[in-house]
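Q: What follows is a structure written as structure tokens; I'll ask about it next.
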Amino acid sequence: MSLKDKLLSSFFVFEDQVDVNNDVHKLRNEALKLFEAKGFPTKKDEAWKYTSLNSLLKEDYSIFPKKEEALEYKEVKKYFIHDIDTYTIVFVDGIYASHLSQTTHDKFHACLMSSALTKTQYKPIIDNYFNKIAPKDSSLNALNTAFSKEGAFIYIPKNVMVDKPIQILNFSTGNESALLIQPRNLVVVEENSHVQIIERHQSLTENPVLTNSVTEIFAEKRAMVDYYKIQNDKASASLIDNTFIEQQQESNCAVHTFSLGGKLTRNNLNFYQKGEYIDSTLKGVTIIEGKQHVDHNTLVHHAQPNCESHQDYKGIYDDKSVGVFNGKVYVEKVAQKINAYQSNNNILVDDKATINSKPQLEIFADDVRCSHGCTIGQLDEEALFYLKSRGIPEKEGKALLMYAFANNVLESVKIPELKKRINLLIAKKLNVDLGFDL
Amino acid sequence: MLKIKNLHASVEDKEILKGINLEINPGEVHAIMGPNGSGKSTLASVIAGKEDFEVTDGEIILENEEISELEADERAHKGIFLSFQYPVEIPGVTVTNFMKTAINETRKAKGLEEMPASEMLKKIREKSELLEMDRKFLSRSLNEGFSGGEKKRNEIFQMAMLEPKLAILDETDSGLDIDALRVVSNGVNKLRNKDNAVLVITHYQRLLNYIEPDFVHVLLNGKIVKSGTKELALKLEEQGYDWLKKEAVND
């Protein structure tokens with residue numbers, strides 16, 4: 001049975017686990033129909049031209065993990081940003097792990113999608129925001145929506161500065177021989193509120209794991225959302241991350257994506273600007289090797305005047321790894337005086353590595369500043385000679401240059417401990433001791 | 001200390017150095033002058049080990065060891081330093097971290113332990129004072145956004161930190177105003193001693209007022225056509241290179 005058929009037939013089992021009289025279940029049913037009609041994307045779809053899911057879809061994934069695996073904090077501590085105080089929402093094989101989580105707070109709500117979908121207290125929020133910006137025509141979103149049940153639900157009411165970052169961690173244990181996880185997250189940040197979120201998917205097994213995650217983020221007037229994605233998973237784990245952000249007037253949202261591991265990673269990241277004086281930032285560092293594959297598919301939709309967007313993606317590709325950057329900027333006719341900046345710089349360390357970079361600008365306004373630049377190259381030989389002439393050997397010199405190349409993306413990371421951690425991950429990834437504290 | 005014998009070097013089959021002979025002893029300062037395109041910077045790069053150039057004939061001997069097959073970093077470990085005409089900008093790596101890496105890699109190559117942090121800091125403080133550098137400068141990204149003068153000052157600071165046996169200063173005076181020239185030359189002069197040597201490569205005589213050479217060599221079309229003392233530099237300043245070109249033709 002194909003994975004699609006398996007999913008379709010599993011829906012009846014899924015319906016036993018949820019409240020089918022809930023309004024959300026109508027959305028699930030509609031979504032399932034769309035998934036049934038469209039199926040998984042193939043390379044014939046323009047947006048999937050360079051990324052094939054075929055090899056992932058062959059696995060016989062479990063769709064409903066049987067039980068929560070008992071994980072000890074000490075086993076997984078290293079995957080947390082643990083040297084600072086944070087709120088944590090932890091899932092193990094898609095099931096909430098309360099003993100690993102820390103969500104005690106009184107000014108805002110950080111809880112589970114499963115409770116948000118059932119408690120009347122949260123009904124207005126769900127009615128207002130759930131599945132409102134996830135594109136309806138995407139079969140992967142539809143698949144996630146059809147099976148939406150669990151994930152992080154973060155609701156920050158007006159005028160709240162969340163005092164600590166919130167970490168969302170998704171572990172998979174290998175309890176099942178192959179596992180499909182579909183987290184569904186919703187983040188609503190009301191007027192003048194601020195939040196920082198760190199999201200990580202981490203497999204603890206060599207068994208195949210496929211995560212198809214959907215996160216909807218709403219930033220109301222003057223809200224600030226600072227979101228970090230750490231993608232440093234095992235070579236057996238793949239991730240399709242669908243993140244959609246809607247911003248209102250004067251809000252400021254940034255998403256940093258660090259793609260350092262995993263088998264196949266696809267990031268669909270869409271920003272929709274719905275008011276004036278909005279600032280959107282999309283930054284990414286990709287460092288991969290072997291046969292790893294990372295695909296960044298971004299959209300910034302400028303629908304109002306006087307807004308800004310900044311995209312800066314850097315990639316370092318070794319061996320036979322493949323990178324894709326497809327960055328679309330859409331500027332509507334009314335969106336005058338906007339400033340949209342896009343940059344994608346890549347280094348191919350091995351001549352067998354590949355990067356497919358495709359900027360796509362669709363501009364219907366006439367008084368705007370849009371710039372884009374894309375470079376693909378090798379390391380600067382003159383710079384390498386400079387380092388060698390100071391006694392730094394070639395291997396270390398190359399690592400230092402790669403580090404320097406990726407570094408300016410890190411400058412805008414606002415959590416110092418996270419910045420330090422990413423720095424260490426990058427140094428480790430480049431397999432070198434740079435001789436100084438990162 | 002350094003003996004260069006009949007050195008020929010090419011880039012992409014074009015011969016740039018056509019038989020250079022040069023001997024530099026400890027404690028000496030040599031200057032190489034010459035017009036644009038004479039091969040001055042190539043000579044500096046070839047001694048330092050830049051791979052773009054192929055040594056087709058001749059020898060480069062540092063303290064009785066032939067080094068022309070060594071990598072640039074290995075030459076640096078043996079005490080060769082090149083102050084770049086155009087230092088490269090490396091964003092994200094601070095001057096301090098860069099120096100720590102360079103010093104500790106050199107120590108590692110010599111089988112020494114890493115320099116203790118306190119000693120490193122003391123050394124950085126001393127040497128930055130020698131070059132009259134602002135402390136803030138040390139935590140900036142290497143050469144990024146530095147003015148021409150700051151870049152050259154930073155080069156000499158690196159020289160002070162690495163304490164090379166042979167320092168090659170490639171057009172160190174270019175882009176410097178008088179104050180920066182004074183600071184940079186003072187730095188070089190204070191670093192001079194009986195055991196090290198300096199090779200100054202320059203287009204103009206100006207720098208040689210500050211760093212006094214024991215010998216001056218004129219490079220024309222890939223060959224040293226004349227050698228002398230510092231008076232030769234003055235004559236070049238007054239009369240240019242044309243008389244030497246004629247002499248070379250007449251030879």
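Residues are named by chain letter and number: chains run A, B, ... in the order of the structure tokens, numbers start at 1 in each chain, and ligands are numbered from 1 in the order shown.
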Using only C-alpha atoms, what table do you get, as CSV, when you list each residue of chain B with an atom no more than 8 Å from chain A, its nearest pair of atoms, and their distance in Å rounded to one decimal, rows by chain then rising number?

A:
```
residue,atom,partner,partner_atom,distance
B:Ala48,CA,A:Ser389,CA,6.6
B:Gly49,CA,A:Ser389,CA,7.7
B:Lys50,CA,A:Phe385,CA,6.5
B:Glu71,CA,A:Lys388,CA,8.0
B:Ala72,CA,A:Ser389,CA,5.2
B:Asp73,CA,A:Gly391,CA,4.1
B:Glu74,CA,A:Gly391,CA,6.6
B:Arg75,CA,A:Ser389,CA,7.6
B:Ala76,CA,A:Gly391,CA,4.9
B:His77,CA,A:Gly391,CA,5.7
B:Phe81,CA,A:Ser389,CA,6.7
B:Leu82,CA,A:Ser389,CA,6.8
B:Pro87,CA,A:Tyr386,CA,7.5
B:Val88,CA,A:Ala383,CA,5.7
B:Glu89,CA,A:Ala383,CA,7.8
B:Ile90,CA,A:Ala404,CA,6.4
B:Pro91,CA,A:Ala404,CA,5.6
B:Gly92,CA,A:Ala404,CA,4.9
B:Val93,CA,A:Ala404,CA,6.3
B:Asn97,CA,A:Phe436,CA,6.2
B:Lys100,CA,A:Phe436,CA,7.0
B:Thr101,CA,A:Gly435,CA,5.2
B:Ala102,CA,A:Ile392,CA,5.5
B:Ile103,CA,A:Gly391,CA,7.6
B:Asn104,CA,A:Gly435,CA,7.2
B:Glu105,CA,A:Ile392,CA,5.8
B:Thr106,CA,A:Gly391,CA,5.6
```

Q: Please provide as a PyMOL selection string all residues within 9 Å of range 82-85 of chain A, with the sequence filter that same-chain residues fewer than 3 positions apart are discarded (counting only C-alpha atoms).

A: chain A and resi 77-79+164-165+417

Q: Skip range 183-189 of chain A itself and residues of its chain fewer than 2 positions away, then list as a count of residues only all residues within 6 Å of it, counting only C-alpha atoms.

A: 15

Q: Where in range 135-189 of chain B does DSSP assign strand (DSSP E), given as a PyMOL selection string?

A: chain B and resi 141-142+166-170

Q: Fewer than 4 positions away in the same chain doesn't count, so skip those; otherwise give me all residues within 9 Å of Ser227 in chain B, counting only C-alpha atoms, as a ChimeraX atom specification.

A: /B:215-218,232

Q: Rounded to one decimal place, report the CA of Val55 in chain B-CA of His8 in chain B distance in Å.

A: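 Between CA of Val55 in chain B and CA of His8 in chain B the gap works out to 5.8 Å.
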
Q: I'd like to know which residues of range 68-137 of chain A are alpha helix (DSSP H) (by DSSP, run on the backbone); could you write them as an MDAnalysis selection string?

A: chainID A and resid 73:76 113:118 123:129

Q: Enter the distance from CA of Ala47 in chain A to CA of Asp233 in chain A, in Å, rounded to one decimal.

A: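 Distance reported for this atom pair: 23.9 Å.
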
Q: Between CA of His296 in chain A and CA of Thr281 in chain A, what is the distance in Å, rounded to a tenth?

A: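 Computed distance, CA of His296 in chain A to CA of Thr281 in chain A, equals 14.3 Å.
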
Q: Do you know which residues are at most 12 Å from Asn189 in chain B counting only C-alpha atoms, after dropping those on the same chain fewer than 6 positions away, and could you put them as a list of chain:residue names?

A: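 My list of contacting residues is B:Gly27, B:Glu28, B:Val29, B:Leu130, B:Leu131, B:Ile156, B:Met159, B:Ala160, B:Ala167, B:Leu181, B:Arg182, B:Val183, B:Asn196, B:Ala197, B:Val198, B:Leu207, B:Leu208, B:Asn209, B:Tyr210, B:Ile211, B:Glu212, B:Pro213.
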
Q: Would you output that residue set with C-alpha atoms, as a short mmCIF file (atom, residue, chain, number, x, y, z; two decimals), in the first residue's frame?

A:
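Once written, result19.cif looks like this:
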```
data_model
loop_
_atom_site.label_atom_id
_atom_site.label_comp_id
_atom_site.auth_asym_id
_atom_site.auth_seq_id
_atom_site.Cartn_x
_atom_site.Cartn_y
_atom_site.Cartn_z
CA GLY B 27 70.22 42.35 11.37
CA GLU B 28 69.98 43.79 7.87
CA VAL B 29 67.31 45.84 6.16
CA LEU B 130 53.66 49.69 20.34
CA LEU B 131 51.50 50.35 17.30
CA ILE B 156 52.67 45.44 11.56
CA MET B 159 54.32 41.10 12.64
CA ALA B 160 54.98 42.21 16.22
CA ALA B 167 59.59 40.30 7.56
CA LEU B 181 53.59 56.20 8.26
CA ARG B 182 55.43 57.37 11.38
CA VAL B 183 53.61 54.91 13.66
CA ASN B 196 65.98 39.32 12.36
CA ALA B 197 65.86 40.97 8.98
CA VAL B 198 63.48 43.13 6.98
CA LEU B 207 59.27 55.00 3.47
CA LEU B 208 63.05 54.62 3.45
CA ASN B 209 63.38 57.95 5.29
CA TYR B 210 61.73 56.19 8.19
CA ILE B 211 63.00 52.64 7.82
CA GLU B 212 66.63 53.06 6.81
CA PRO B 213 67.87 50.30 4.56
#
```

Q: Near Val331 in chain A, within 7 Å and counting only C-alpha atoms, which residues show up once chain neighbours fewer than 4 positions away are dropped, as a PyMOL selection string?

A: chain A and resi 301-303+335+362-365

Q: Go ahead and save the residues from that selection, with N, CA and C atoms, as an mmCIF file, in the first residue's frame.

A:
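This went into part.cif:
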```
data_model
loop_
_atom_site.group_PDB
_atom_site.id
_atom_site.type_symbol
_atom_site.label_atom_id
_atom_site.label_comp_id
_atom_site.auth_asym_id
_atom_site.auth_seq_id
_atom_site.Cartn_x
_atom_site.Cartn_y
_atom_site.Cartn_z
ATOM 1 N N HIS A 301 5.260 38.252 0.931
ATOM 2 C CA HIS A 301 4.155 38.887 0.214
ATOM 3 C C HIS A 301 3.954 40.302 0.773
ATOM 4 N N HIS A 302 4.380 41.283 -0.028
ATOM 5 C CA HIS A 302 4.205 42.687 0.369
ATOM 6 C C HIS A 302 2.851 43.163 -0.144
ATOM 7 N N ALA A 303 1.913 43.381 0.790
ATOM 8 C CA ALA A 303 0.570 43.779 0.372
ATOM 9 C C ALA A 303 0.227 45.199 0.809
ATOM 10 N N ALA A 335 1.514 48.317 -2.690
ATOM 11 C CA ALA A 335 2.621 48.245 -1.726
ATOM 12 C C ALA A 335 3.788 49.157 -2.151
ATOM 13 N N GLU A 362 8.242 39.333 -8.216
ATOM 14 C CA GLU A 362 7.068 39.754 -8.978
ATOM 15 C C GLU A 362 6.592 41.070 -8.386
ATOM 16 N N ILE A 363 6.828 42.149 -9.139
ATOM 17 C CA ILE A 363 6.623 43.488 -8.596
ATOM 18 C C ILE A 363 5.578 44.225 -9.414
ATOM 19 N N PHE A 364 4.488 44.609 -8.750
ATOM 20 C CA PHE A 364 3.430 45.327 -9.461
ATOM 21 C C PHE A 364 3.333 46.785 -9.022
ATOM 22 N N ALA A 365 4.141 47.200 -8.049
ATOM 23 C CA ALA A 365 4.174 48.604 -7.631
ATOM 24 C C ALA A 365 5.343 49.269 -8.347
#
```

Q: B:Thr96, B:Ser147, B:Ser45, B:Gln239: which is nearest Ile80 in chain B, counting only C-alpha atoms?

A: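 Ranked by minimum distance to Ile80 in chain B, first place goes to B:Ser45.
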
Q: May I have the residues within 10 Å of range 14-26 of chain A as a list in words, using only C-alpha atoms and disregarding those fewer than 5 positions away in the same chain?

A: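 Here the answer would be Leu7, Ser9, Ala31, Leu32, Ile63, Phe64, Ser114, Leu117, Thr118, Lys123, Ile126, Asp127, Phe130, Asn131, Thr145, Ala146, Phe147, Ser148 and Lys149 of chain A.
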
Q: Atoms to include: N, CA and C atoms. Write the selected residues as a PDB file, in the first residue's frame.

A:
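again_35.pdb written:
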```pdb
ATOM      1  N   LEU A   7      -2.373   6.546   4.557  1.00  0.00           N
ATOM      2  CA  LEU A   7      -2.842   7.721   5.294  1.00  0.00           C
ATOM      3  C   LEU A   7      -4.356   7.874   5.162  1.00  0.00           C
ATOM      4  N   SER A   9      -6.598   5.619   4.523  1.00  0.00           N
ATOM      5  CA  SER A   9      -7.360   4.603   5.253  1.00  0.00           C
ATOM      6  C   SER A   9      -7.198   4.743   6.762  1.00  0.00           C
ATOM      7  N   ALA A  31      -9.514  19.139   4.267  1.00  0.00           N
ATOM      8  CA  ALA A  31      -8.088  18.995   3.975  1.00  0.00           C
ATOM      9  C   ALA A  31      -7.786  17.592   3.450  1.00  0.00           C
ATOM     10  N   LEU A  32      -8.432  16.605   4.057  1.00  0.00           N
ATOM     11  CA  LEU A  32      -8.186  15.229   3.617  1.00  0.00           C
ATOM     12  C   LEU A  32      -8.601  15.053   2.156  1.00  0.00           C
ATOM     13  N   ILE A  63       1.850   5.759  11.784  1.00  0.00           N
ATOM     14  CA  ILE A  63       1.199   7.065  11.790  1.00  0.00           C
ATOM     15  C   ILE A  63       0.728   7.426  13.195  1.00  0.00           C
ATOM     16  N   PHE A  64       0.438   6.387  13.982  1.00  0.00           N
ATOM     17  CA  PHE A  64       0.022   6.637  15.365  1.00  0.00           C
ATOM     18  C   PHE A  64       0.977   5.938  16.318  1.00  0.00           C
ATOM     19  N   SER A 114      -3.679  19.990  21.488  1.00  0.00           N
ATOM     20  CA  SER A 114      -4.788  19.086  21.830  1.00  0.00           C
ATOM     21  C   SER A 114      -5.725  19.720  22.850  1.00  0.00           C
ATOM     22  N   LEU A 117      -7.612  22.769  21.129  1.00  0.00           N
ATOM     23  CA  LEU A 117      -8.684  22.370  20.214  1.00  0.00           C
ATOM     24  C   LEU A 117      -9.935  21.915  20.950  1.00  0.00           C
ATOM     25  N   THR A 118      -9.790  21.563  22.218  1.00  0.00           N
ATOM     26  CA  THR A 118     -10.954  21.027  22.927  1.00  0.00           C
ATOM     27  C   THR A 118     -11.515  21.975  23.986  1.00  0.00           C
ATOM     28  N   LYS A 123     -11.501  28.525  22.263  1.00  0.00           N
ATOM     29  CA  LYS A 123     -12.259  28.434  21.013  1.00  0.00           C
ATOM     30  C   LYS A 123     -12.178  29.704  20.168  1.00  0.00           C
ATOM     31  N   ILE A 126      -8.858  29.702  18.346  1.00  0.00           N
ATOM     32  CA  ILE A 126      -8.833  28.678  17.286  1.00  0.00           C
ATOM     33  C   ILE A 126      -9.707  29.125  16.103  1.00  0.00           C
ATOM     34  N   ASP A 127     -10.900  29.623  16.421  1.00  0.00           N
ATOM     35  CA  ASP A 127     -11.798  30.072  15.344  1.00  0.00           C
ATOM     36  C   ASP A 127     -11.161  31.178  14.507  1.00  0.00           C
ATOM     37  N   PHE A 130      -6.793  29.385  13.546  1.00  0.00           N
ATOM     38  CA  PHE A 130      -6.361  28.051  13.125  1.00  0.00           C
ATOM     39  C   PHE A 130      -6.594  27.834  11.627  1.00  0.00           C
ATOM     40  N   ASN A 131      -5.530  27.448  10.936  1.00  0.00           N
ATOM     41  CA  ASN A 131      -5.582  27.142   9.492  1.00  0.00           C
ATOM     42  C   ASN A 131      -6.019  28.331   8.645  1.00  0.00           C
ATOM     43  N   THR A 145      -3.084  19.256   8.215  1.00  0.00           N
ATOM     44  CA  THR A 145      -4.357  19.737   8.774  1.00  0.00           C
ATOM     45  C   THR A 145      -5.315  18.565   9.020  1.00  0.00           C
ATOM     46  N   ALA A 146      -5.344  17.647   8.067  1.00  0.00           N
ATOM     47  CA  ALA A 146      -6.247  16.506   8.201  1.00  0.00           C
ATOM     48  C   ALA A 146      -5.966  15.729   9.490  1.00  0.00           C
ATOM     49  N   PHE A 147      -4.683  15.601   9.808  1.00  0.00           N
ATOM     50  CA  PHE A 147      -4.309  14.830  11.011  1.00  0.00           C
ATOM     51  C   PHE A 147      -3.918  15.737  12.181  1.00  0.00           C
ATOM     52  N   SER A 148      -4.323  17.002  12.110  1.00  0.00           N
ATOM     53  CA  SER A 148      -3.885  17.938  13.156  1.00  0.00           C
ATOM     54  C   SER A 148      -4.535  17.598  14.482  1.00  0.00           C
ATOM     55  N   LYS A 149      -3.699  17.482  15.491  1.00  0.00           N
ATOM     56  CA  LYS A 149      -4.203  17.058  16.784  1.00  0.00           C
ATOM     57  C   LYS A 149      -3.286  17.569  17.888  1.00  0.00           C
TER      58      LYS A 149
END
```

Q: I need the residue nearest Lys274 in chain A from this list: A:Ala340, A:Leu361, A:Cys307, A:Leu239. Use only C-alpha atoms for the distance.

A: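 The answer is A:Cys307, which sits nearest to Lys274 in chain A.
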